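With compact mmCIF, C-alpha atoms and all ligand atoms inside, this is run.txt:
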# COMPACT_ATOMS: atom_id res chain seq x y z
CA MET A 1 -257.05 14.85 -57.29
CA GLU A 2 -253.79 15.13 -59.25
CA ILE A 3 -253.84 13.10 -62.49
CA GLN A 4 -251.03 10.53 -62.55
CA PRO A 5 -248.51 11.19 -65.33
CA ASN A 6 -248.90 8.77 -68.23
CA PHE A 7 -245.36 9.14 -69.49
CA ASN A 8 -243.53 5.81 -69.42
CA PHE A 9 -239.98 6.63 -68.30
CA THR A 10 -238.77 3.04 -68.78
CA GLN A 11 -239.89 2.98 -72.41
CA PHE A 12 -238.27 6.35 -73.01
CA ASP A 13 -235.02 5.22 -71.39
CA ILE A 14 -234.85 1.96 -73.37
CA LYS A 15 -235.12 3.87 -76.64
CA LEU A 16 -232.76 6.73 -75.77
CA GLU A 17 -229.35 6.02 -77.32
CA THR A 18 -227.60 9.32 -76.70
CA GLU A 19 -224.45 10.05 -74.75
CA THR A 20 -225.45 13.41 -73.32
CA ILE A 21 -228.70 14.77 -74.79
CA GLY A 22 -231.59 13.91 -72.47
CA ARG A 23 -229.45 11.98 -69.97
CA ASN A 24 -230.40 14.66 -67.48
CA PHE A 25 -234.19 14.57 -67.95
CA LEU A 26 -236.44 16.83 -65.89
CA TYR A 27 -240.12 15.98 -65.99
CA PHE A 28 -242.84 18.40 -64.87
CA THR A 29 -246.60 17.96 -64.91
CA GLU A 30 -246.89 21.76 -65.20
CA LEU A 31 -244.51 24.60 -65.96
CA ASP A 32 -244.90 28.08 -67.43
CA SER A 33 -242.59 27.34 -70.34
CA THR A 34 -239.82 24.78 -70.73
CA ASN A 35 -237.73 27.36 -72.63
CA ALA A 36 -238.15 29.98 -69.90
CA PHE A 37 -237.25 27.38 -67.27
CA LEU A 38 -233.93 26.60 -68.95
CA LEU A 39 -233.02 30.22 -69.61
CA ASP A 40 -233.52 31.17 -65.99
CA LYS A 41 -229.97 31.28 -64.68
CA THR A 42 -230.96 29.95 -61.29
CA ASN A 43 -232.08 26.66 -62.87
CA GLN A 44 -230.13 23.94 -64.68
CA ASP A 45 -226.88 24.62 -66.47
CA GLN A 46 -225.85 21.16 -67.61
CA SER A 47 -225.62 21.17 -71.40
CA GLY A 48 -227.85 18.50 -72.93
CA THR A 49 -230.47 18.70 -70.17
CA VAL A 50 -233.98 18.11 -71.45
CA VAL A 51 -236.92 19.69 -69.64
CA PHE A 52 -240.32 18.21 -70.40
CA ALA A 53 -243.73 19.53 -69.34
CA GLU A 54 -247.10 17.80 -69.65
CA LYS A 55 -248.68 21.25 -69.61
CA GLN A 56 -247.23 24.70 -70.18
CA ASN A 57 -249.15 27.64 -68.76
CA ALA A 58 -247.27 30.22 -70.82
CA GLY A 59 -245.94 28.19 -73.75
CA ARG A 60 -244.32 30.50 -76.30
CA GLY A 61 -244.30 30.29 -80.08
CA ARG A 62 -242.45 32.43 -82.61
CA PHE A 63 -243.33 36.15 -82.93
CA GLN A 64 -244.67 36.28 -79.36
CA ASN A 65 -247.42 33.82 -80.26
CA VAL A 66 -248.83 31.49 -77.63
CA TRP A 67 -248.12 27.76 -78.04
CA GLU A 68 -251.29 25.91 -77.00
CA SER A 69 -250.99 22.22 -76.20
CA ALA A 70 -253.45 20.04 -74.27
CA LYS A 71 -252.17 18.51 -71.02
CA GLY A 72 -250.64 15.04 -71.28
CA GLN A 73 -251.34 14.64 -75.02
CA ASN A 74 -248.31 16.01 -76.81
CA LEU A 75 -244.60 16.64 -76.55
CA THR A 76 -243.50 20.03 -75.26
CA PHE A 77 -239.87 20.11 -74.20
CA SER A 78 -236.62 22.06 -74.45
CA ILE A 79 -232.97 21.10 -74.76
CA LEU A 80 -230.32 23.19 -73.02
CA LEU A 81 -227.11 23.93 -74.89
CA ASN A 82 -224.14 25.79 -73.53
CA ILE A 83 -222.93 27.84 -76.44
CA ASP A 84 -219.26 27.25 -77.10
CA LYS A 85 -217.06 28.56 -79.92
CA HIS A 86 -217.98 25.63 -82.16
CA ILE A 87 -221.66 26.53 -82.28
CA LYS A 88 -221.96 30.24 -81.49
CA ASP A 89 -222.16 31.40 -85.12
CA LYS A 90 -224.23 28.45 -86.25
CA LEU A 91 -227.53 28.83 -84.43
CA ASN A 92 -229.41 29.48 -87.68
CA ILE A 93 -228.00 26.27 -89.12
CA LEU A 94 -228.99 24.44 -85.95
CA ASN A 95 -232.48 25.88 -86.34
CA LEU A 96 -232.90 24.62 -89.92
CA GLY A 97 -231.17 21.34 -89.11
CA THR A 98 -233.52 20.75 -86.18
CA SER A 99 -236.55 21.15 -88.43
CA GLN A 100 -235.06 18.78 -91.01
CA ILE A 101 -234.31 16.03 -88.47
CA LEU A 102 -237.69 16.48 -86.81
CA ALA A 103 -239.37 15.96 -90.18
CA ALA A 104 -237.13 12.95 -90.89
CA THR A 105 -237.84 11.44 -87.45
CA LEU A 106 -241.59 11.56 -88.05
CA GLU A 107 -241.25 10.26 -91.62
CA ASN A 108 -239.09 7.32 -90.56
CA LEU A 109 -241.24 6.36 -87.60
CA PHE A 110 -244.62 6.68 -89.29
CA GLN A 111 -244.10 6.56 -93.08
CA VAL A 112 -245.87 9.88 -93.47
CA GLN A 113 -244.79 12.75 -95.69
CA VAL A 114 -243.58 15.74 -93.68
CA GLU A 115 -242.63 19.17 -95.09
CA VAL A 116 -240.36 21.87 -93.71
CA LYS A 117 -241.14 25.53 -94.21
CA TRP A 118 -238.43 28.18 -93.72
CA PRO A 119 -237.32 28.83 -91.12
CA ASN A 120 -238.72 26.12 -88.88
CA ASP A 121 -242.35 25.09 -89.35
CA ILE A 122 -243.03 21.38 -89.70
CA LEU A 123 -246.10 20.49 -91.72
CA ILE A 124 -248.14 17.48 -92.77
CA LYS A 125 -250.52 18.14 -95.68
CA LYS A 126 -249.97 21.92 -95.20
CA LYS A 127 -251.05 21.72 -91.55
CA LYS A 128 -248.73 22.42 -88.65
CA ILE A 129 -247.60 19.31 -86.79
CA ALA A 130 -244.66 20.83 -84.88
CA GLY A 131 -242.78 24.05 -84.19
CA ILE A 132 -239.35 25.05 -82.94
CA LEU A 133 -238.36 28.08 -80.91
CA ILE A 134 -234.70 28.70 -80.15
CA GLN A 135 -234.09 31.32 -77.49
CA THR A 136 -230.75 32.43 -76.11
CA VAL A 137 -229.51 34.24 -73.06
CA SER A 138 -226.21 35.97 -72.45
CA PHE A 139 -224.39 36.53 -69.23
CA GLY A 140 -221.86 39.19 -70.16
CA ALA A 141 -220.86 40.01 -73.72
CA HIS A 142 -221.57 36.66 -75.36
CA ILE A 143 -224.53 34.35 -75.84
CA ASN A 144 -223.99 31.65 -73.27
CA LYS A 145 -227.02 29.40 -73.24
CA ALA A 146 -229.63 28.37 -75.78
CA ALA A 147 -232.93 26.64 -75.18
CA ILE A 148 -234.05 24.61 -78.18
CA GLY A 149 -237.81 24.45 -77.58
CA ILE A 150 -239.88 21.91 -79.46
CA GLY A 151 -243.63 21.39 -79.57
CA ILE A 152 -244.99 18.34 -81.38
CA ASN A 153 -248.73 17.72 -81.65
CA VAL A 154 -249.00 14.02 -80.96
CA ASN A 155 -252.34 12.79 -79.59
CA GLN A 156 -254.43 15.97 -79.37
CA THR A 157 -257.55 15.76 -81.51
CA GLN A 158 -259.17 19.16 -80.99
CA PHE A 159 -257.54 22.53 -81.43
CA LEU A 160 -259.48 25.59 -80.36
CA GLY A 161 -258.51 29.15 -81.22
CA GLU A 162 -257.10 31.01 -84.16
CA PHE A 163 -253.94 29.90 -85.91
CA ASN A 164 -251.77 31.27 -88.73
CA LEU A 165 -251.50 27.73 -90.04
CA PRO A 166 -254.18 25.13 -89.28
CA PRO A 167 -252.86 22.66 -86.68
CA THR A 168 -252.92 18.88 -86.89
CA SER A 169 -251.53 15.99 -84.84
CA LEU A 170 -249.98 12.60 -85.53
CA ARG A 171 -253.10 10.94 -84.17
CA LEU A 172 -255.35 12.91 -86.54
CA GLU A 173 -253.13 12.13 -89.52
CA LEU A 174 -252.51 8.46 -88.75
CA SER A 175 -255.81 7.55 -87.03
CA GLN A 176 -254.03 5.88 -84.13
CA THR A 177 -252.78 6.76 -80.68
CA ILE A 178 -249.05 7.37 -80.74
CA GLU A 179 -246.45 6.37 -78.15
CA ARG A 180 -244.92 9.71 -77.17
CA GLU A 181 -241.84 8.13 -75.54
CA LYS A 182 -240.74 6.60 -78.85
CA VAL A 183 -241.05 9.91 -80.73
CA LEU A 184 -239.16 11.84 -78.06
CA ALA A 185 -236.30 9.32 -77.72
CA GLU A 186 -235.86 8.97 -81.47
CA PHE A 187 -235.84 12.72 -81.97
CA LEU A 188 -233.22 13.19 -79.23
CA ASN A 189 -231.05 10.43 -80.76
CA ASN A 190 -231.15 12.28 -84.08
CA PHE A 191 -230.60 15.65 -82.41
CA GLU A 192 -227.34 14.51 -80.82
CA GLU A 193 -226.08 13.43 -84.23
CA LEU A 194 -227.22 16.75 -85.73
CA LEU A 195 -225.31 18.71 -83.14
CA TRP A 196 -222.10 16.96 -84.11
CA LYS A 197 -222.80 17.72 -87.80
CA VAL A 198 -223.61 21.40 -87.16
CA LYS A 199 -220.22 21.77 -85.47
CA ASN A 200 -218.20 19.65 -87.89
CA LYS A 201 -220.07 19.53 -91.20
CA PRO A 202 -222.39 22.58 -91.34
CA ASN A 203 -222.54 22.51 -95.15
CA LEU A 204 -223.93 18.99 -95.05
CA VAL A 205 -226.67 20.12 -92.64
CA MET A 206 -227.59 22.91 -95.05
CA GLN A 207 -227.54 20.49 -97.97
CA ASN A 208 -229.88 18.07 -96.15
CA TRP A 209 -232.22 20.95 -95.37
CA ARG A 210 -232.24 22.14 -99.00
CA GLU A 211 -233.10 18.64 -100.22
CA LYS A 212 -236.08 18.58 -97.85
CA CYS A 213 -237.34 22.10 -98.57
CA ASN A 214 -239.66 22.30 -101.53
CA MET A 215 -239.94 26.11 -101.57
CA ILE A 216 -236.68 26.77 -103.41
CA GLY A 217 -237.43 28.48 -106.74
CA GLU A 218 -241.07 29.14 -105.76
CA LYS A 219 -242.85 32.49 -105.73
CA ILE A 220 -243.43 33.45 -102.11
CA CYS A 221 -245.00 36.06 -99.92
CA LEU A 222 -242.70 37.19 -97.11
CA ASN A 223 -244.40 38.55 -94.01
CA GLN A 224 -242.21 40.62 -91.71
CA ASN A 225 -244.25 41.97 -88.79
CA GLY A 226 -247.31 42.37 -91.02
CA LYS A 227 -245.36 43.97 -93.90
CA LEU A 228 -245.83 41.80 -97.00
CA LYS A 229 -243.33 41.49 -99.83
CA TYR A 230 -243.54 39.28 -102.91
CA GLY A 231 -240.58 37.61 -104.60
CA VAL A 232 -238.88 34.27 -105.19
CA PHE A 233 -237.38 31.91 -102.60
CA ASP A 234 -234.02 31.81 -104.38
CA ASP A 235 -232.07 29.73 -101.85
CA VAL A 236 -230.66 29.86 -98.35
CA ASP A 237 -227.08 31.02 -97.77
CA GLU A 238 -224.46 29.01 -95.88
CA THR A 239 -225.62 30.56 -92.59
CA GLY A 240 -229.28 29.58 -93.07
CA GLN A 241 -230.60 33.01 -94.10
CA LEU A 242 -233.18 33.28 -96.85
CA LEU A 243 -232.05 34.68 -100.21
CA PHE A 244 -235.13 36.53 -101.40
CA ARG A 245 -235.15 37.57 -105.08
CA THR A 246 -237.14 40.55 -106.34
CA ASP A 247 -236.73 42.91 -109.34
CA LYS A 248 -234.30 44.87 -107.17
CA GLY A 249 -231.96 41.90 -106.70
CA ILE A 250 -231.29 39.48 -103.88
CA GLU A 251 -232.09 40.44 -100.32
CA VAL A 252 -230.71 38.44 -97.37
CA ILE A 253 -233.54 37.82 -94.90
CA ASN A 254 -233.05 36.54 -91.38
CA TYR A 255 -236.58 36.58 -89.98
CA GLY A 256 -240.19 36.44 -91.13
CA ASP A 257 -242.80 34.03 -92.27
CA VAL A 258 -243.07 32.75 -95.83
CA THR A 259 -245.90 31.25 -97.88
CA VAL A 260 -245.86 29.94 -101.42
CA VAL A 261 -248.12 31.93 -103.76
CA HIS A 262 -249.61 30.40 -106.88
C1 LIG B 1 -243.59 28.02 -83.25
O1 LIG B 1 -244.20 29.09 -83.11
O2 LIG B 1 -243.74 27.33 -84.25
C2 LIG B 1 -242.65 27.51 -82.18
C3 LIG B 1 -243.36 26.73 -81.12
C4 LIG B 1 -242.42 26.23 -80.04
C5 LIG B 1 -243.18 25.63 -78.87
C6 LIG B 1 -242.26 24.96 -77.89
S1 LIG B 1 -243.15 23.96 -76.74
C7 LIG B 1 -241.72 23.76 -75.77
C8 LIG B 1 -240.97 25.08 -75.77
N1 LIG B 1 -241.42 25.92 -74.70
C9 LIG B 1 -242.05 27.02 -75.13
O3 LIG B 1 -242.54 27.91 -74.42
N2 LIG B 1 -242.08 27.02 -76.48
C10 LIG B 1 -241.38 25.87 -77.03
Output the structure of this file as structure tokens.
Amino acid sequence: MEIQPNFNFTQFDIKLETETIGRNFLYFTELDSTNAFLLDKTNQDQSGTVVFAEKQNAGRGRFQNVWESAKGQNLTFSILLNIDKHIKDKLNILNLGTSQILAATLENLFQVQVEVKWPNDILIKKKKIAGILIQTVSFGAHINKAAIGIGINVNQTQFLGEFNLPPTSLRLELSQTIEREKVLAEFLNNFEELLWKVKNKPNLVMQNWREKCNMIGEKICLNQNGKLKYGVFDDVDETGQLLFRTDKGIEVINYGDVTVVH
């Protein structure tokens, strides 16, 4: 027997205050990956569409990792953006900005301290609460569509498997069951505002991210496909790339995983 979805659309709709983001909302009980769905050119092409799945059978994380999420417990969704001239060179900024507003959304709703780790891990007490994966597709010479994929661990209490960072959920951290609709609507409200800022005030987005990031000035280990390098997290540049300081000078880094070393 098919389990009835426990997502309350009315509650979600009451709390959604956006003009475009999430107004076209596609809900699936199962899908391979919400990102893959949106990037398939035969599917939706309305910018701002949100695709939500209660269970992903091939959920993707960064670096080809699998994103595991128990059915009906969490939030796994993607936002479709048509890439126009105002955003095409700012996807890194959008990436950092998305992690900053996701952290702020959780902090404001639940009075819990949330950290961001470059480029886009969201942590509570050093454990991973959420992740972001932006994927793009081009038809012709330019990037045309982006899927902003978000996974937030909300009510899951057991995580099996091996993880680079230990996972946690809002329920584990707050010892209460969380209303997923409220988290999703509030995040999408903030995301619409962010999108305007990325296009019109990108430096402010970077400034907000810097204020939230507590790695600046710290000694870090940078992992690029298993190759480890040690240095200092000097800053991020105006395009969101990491400025990595070693004895040899400053290197501009656009991918990898970083951890603070003590
Ligand atoms: C990470 O590795 O931290 C990024 C995880 C991103 C997971 C989300 S869940 C919704 C969307 N669909 C996917 O297949 N991945 C992203």
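Considering all atoms listed in the file, the residues that reside within 6 Å of ligand LIG 1 (chain B) can be listed as Ser33, Thr34, Asn35, Gly59, Arg60, Gly61, Arg62, Trp67, Thr76, Phe77, Ser78, Asp121, Gly131, Ile132, Leu133, Gly149, Ile150 and Gly151 of chain A.
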- Looking at A:Cys221, A:Leu170, A:Ile250, A:Val261, which one is nearest to A:Gln111, with distances taken over all atoms listed in the file? A:Leu170
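In this structure, atom CA of A:Ile93 sits 24.8 Å away from atom CA of A:Lys125.
With only C-alpha atoms as the atoms that count, the minimum distance from A:Leu31 to the choices A:Phe63, A:Phe139, A:Phe52, A:Phe244 is reached by A:Phe52.
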- Test item: residues at most 12 Å from A:Gln176, only C-alpha atoms, excluding those fewer than 6 positions along its chain, as an MDAnalysis selection string: chainID A and resid 110 154:157 169:170
Could you rebuild stretch 11-22 of chain A with all heavy atoms and give me the result as a PDB file, keeping the file's coordinate frame?
ATOM      1  N   GLN A  11    -239.855   3.070 -70.944  1.00  0.00           N
ATOM      2  CA  GLN A  11    -239.890   2.980 -72.410  1.00  0.00           C
ATOM      3  C   GLN A  11    -239.003   4.048 -73.050  1.00  0.00           C
ATOM      4  O   GLN A  11    -238.288   3.793 -74.012  1.00  0.00           O
ATOM      5  CB  GLN A  11    -241.330   3.191 -72.922  1.00  0.00           C
ATOM      6  CG  GLN A  11    -242.191   1.955 -72.898  1.00  0.00           C
ATOM      7  CD  GLN A  11    -241.487   0.778 -73.573  1.00  0.00           C
ATOM      8  OE1 GLN A  11    -240.934   0.900 -74.654  1.00  0.00           O
ATOM      9  NE2 GLN A  11    -241.498  -0.364 -72.897  1.00  0.00           N
ATOM     10  N   PHE A  12    -239.075   5.246 -72.490  1.00  0.00           N
ATOM     11  CA  PHE A  12    -238.270   6.350 -73.010  1.00  0.00           C
ATOM     12  C   PHE A  12    -236.785   6.015 -72.871  1.00  0.00           C
ATOM     13  O   PHE A  12    -236.001   6.143 -73.820  1.00  0.00           O
ATOM     14  CB  PHE A  12    -238.616   7.640 -72.245  1.00  0.00           C
ATOM     15  CG  PHE A  12    -237.687   8.787 -72.517  1.00  0.00           C
ATOM     16  CD1 PHE A  12    -237.556   9.320 -73.797  1.00  0.00           C
ATOM     17  CD2 PHE A  12    -236.928   9.348 -71.490  1.00  0.00           C
ATOM     18  CE1 PHE A  12    -236.701  10.378 -74.053  1.00  0.00           C
ATOM     19  CE2 PHE A  12    -236.068  10.402 -71.732  1.00  0.00           C
ATOM     20  CZ  PHE A  12    -235.956  10.921 -73.021  1.00  0.00           C
ATOM     21  N   ASP A  13    -236.424   5.526 -71.693  1.00  0.00           N
ATOM     22  CA  ASP A  13    -235.020   5.220 -71.390  1.00  0.00           C
ATOM     23  C   ASP A  13    -234.481   4.100 -72.276  1.00  0.00           C
ATOM     24  O   ASP A  13    -233.346   4.171 -72.752  1.00  0.00           O
ATOM     25  CB  ASP A  13    -234.936   4.825 -69.920  1.00  0.00           C
ATOM     26  CG  ASP A  13    -233.598   5.195 -69.365  1.00  0.00           C
ATOM     27  OD1 ASP A  13    -233.120   6.295 -69.692  1.00  0.00           O
ATOM     28  OD2 ASP A  13    -233.002   4.359 -68.660  1.00  0.00           O
ATOM     29  N   ILE A  14    -235.297   3.091 -72.527  1.00  0.00           N
ATOM     30  CA  ILE A  14    -234.850   1.960 -73.370  1.00  0.00           C
ATOM     31  C   ILE A  14    -234.513   2.462 -74.769  1.00  0.00           C
ATOM     32  O   ILE A  14    -233.559   2.024 -75.398  1.00  0.00           O
ATOM     33  CB  ILE A  14    -235.962   0.879 -73.449  1.00  0.00           C
ATOM     34  CG1 ILE A  14    -236.093   0.154 -72.111  1.00  0.00           C
ATOM     35  CG2 ILE A  14    -235.708  -0.120 -74.580  1.00  0.00           C
ATOM     36  CD1 ILE A  14    -237.301  -0.753 -72.015  1.00  0.00           C
ATOM     37  N   LYS A  15    -235.289   3.432 -75.250  1.00  0.00           N
ATOM     38  CA  LYS A  15    -235.120   3.870 -76.640  1.00  0.00           C
ATOM     39  C   LYS A  15    -234.097   4.995 -76.802  1.00  0.00           C
ATOM     40  O   LYS A  15    -233.666   5.276 -77.905  1.00  0.00           O
ATOM     41  CB  LYS A  15    -236.477   4.305 -77.192  1.00  0.00           C
ATOM     42  CG  LYS A  15    -237.414   3.097 -77.271  1.00  0.00           C
ATOM     43  CD  LYS A  15    -238.718   3.406 -77.938  1.00  0.00           C
ATOM     44  CE  LYS A  15    -239.443   2.138 -78.338  1.00  0.00           C
ATOM     45  NZ  LYS A  15    -240.385   1.637 -77.345  1.00  0.00           N
ATOM     46  N   LEU A  16    -233.721   5.620 -75.692  1.00  0.00           N
ATOM     47  CA  LEU A  16    -232.760   6.730 -75.770  1.00  0.00           C
ATOM     48  C   LEU A  16    -231.349   6.160 -75.938  1.00  0.00           C
ATOM     49  O   LEU A  16    -230.891   5.374 -75.116  1.00  0.00           O
ATOM     50  CB  LEU A  16    -232.844   7.582 -74.495  1.00  0.00           C
ATOM     51  CG  LEU A  16    -232.081   8.895 -74.537  1.00  0.00           C
ATOM     52  CD1 LEU A  16    -232.721   9.875 -75.534  1.00  0.00           C
ATOM     53  CD2 LEU A  16    -232.045   9.546 -73.145  1.00  0.00           C
ATOM     54  N   GLU A  17    -230.691   6.585 -77.038  1.00  0.00           N
ATOM     55  CA  GLU A  17    -229.350   6.020 -77.320  1.00  0.00           C
ATOM     56  C   GLU A  17    -228.260   7.075 -77.275  1.00  0.00           C
ATOM     57  O   GLU A  17    -227.184   6.877 -77.812  1.00  0.00           O
ATOM     58  CB  GLU A  17    -229.370   5.373 -78.717  1.00  0.00           C
ATOM     59  CG  GLU A  17    -230.244   4.142 -78.779  1.00  0.00           C
ATOM     60  CD  GLU A  17    -230.512   3.694 -80.203  1.00  0.00           C
ATOM     61  OE1 GLU A  17    -230.061   4.377 -81.147  1.00  0.00           O
ATOM     62  OE2 GLU A  17    -231.183   2.670 -80.358  1.00  0.00           O
ATOM     63  N   THR A  18    -228.554   8.212 -76.667  1.00  0.00           N
ATOM     64  CA  THR A  18    -227.600   9.320 -76.700  1.00  0.00           C
ATOM     65  C   THR A  18    -226.521   9.170 -75.620  1.00  0.00           C
ATOM     66  O   THR A  18    -226.679   8.401 -74.671  1.00  0.00           O
ATOM     67  CB  THR A  18    -228.330  10.645 -76.415  1.00  0.00           C
ATOM     68  OG1 THR A  18    -228.968  10.520 -75.136  1.00  0.00           O
ATOM     69  CG2 THR A  18    -229.366  10.942 -77.465  1.00  0.00           C
ATOM     70  N   GLU A  19    -225.461   9.988 -75.814  1.00  0.00           N
ATOM     71  CA  GLU A  19    -224.450  10.050 -74.750  1.00  0.00           C
ATOM     72  C   GLU A  19    -224.806  11.124 -73.740  1.00  0.00           C
ATOM     73  O   GLU A  19    -224.755  10.907 -72.548  1.00  0.00           O
ATOM     74  CB  GLU A  19    -223.090  10.386 -75.358  1.00  0.00           C
ATOM     75  CG  GLU A  19    -222.250   9.149 -75.581  1.00  0.00           C
ATOM     76  CD  GLU A  19    -220.950   9.490 -76.246  1.00  0.00           C
ATOM     77  OE1 GLU A  19    -220.280  10.440 -75.824  1.00  0.00           O
ATOM     78  OE2 GLU A  19    -220.630   8.787 -77.218  1.00  0.00           O
ATOM     79  N   THR A  20    -225.183  12.307 -74.263  1.00  0.00           N
ATOM     80  CA  THR A  20    -225.450  13.410 -73.320  1.00  0.00           C
ATOM     81  C   THR A  20    -226.878  13.963 -73.413  1.00  0.00           C
ATOM     82  O   THR A  20    -227.491  14.253 -72.396  1.00  0.00           O
ATOM     83  CB  THR A  20    -224.473  14.592 -73.549  1.00  0.00           C
ATOM     84  OG1 THR A  20    -224.569  14.983 -74.920  1.00  0.00           O
ATOM     85  CG2 THR A  20    -223.046  14.213 -73.231  1.00  0.00           C
ATOM     86  N   ILE A  21    -227.393  14.099 -74.637  1.00  0.00           N
ATOM     87  CA  ILE A  21    -228.700  14.770 -74.790  1.00  0.00           C
ATOM     88  C   ILE A  21    -229.795  13.941 -74.092  1.00  0.00           C
ATOM     89  O   ILE A  21    -230.014  12.774 -74.422  1.00  0.00           O
ATOM     90  CB  ILE A  21    -229.050  14.976 -76.279  1.00  0.00           C
ATOM     91  CG1 ILE A  21    -227.977  15.787 -77.004  1.00  0.00           C
ATOM     92  CG2 ILE A  21    -230.437  15.604 -76.456  1.00  0.00           C
ATOM     93  CD1 ILE A  21    -227.835  17.221 -76.595  1.00  0.00           C
ATOM     94  N   GLY A  22    -230.460  14.565 -73.145  1.00  0.00           N
ATOM     95  CA  GLY A  22    -231.590  13.910 -72.470  1.00  0.00           C
ATOM     96  C   GLY A  22    -231.184  12.982 -71.343  1.00  0.00           C
ATOM     97  O   GLY A  22    -232.041  12.384 -70.696  1.00  0.00           O
TER      98      GLY A  22
END
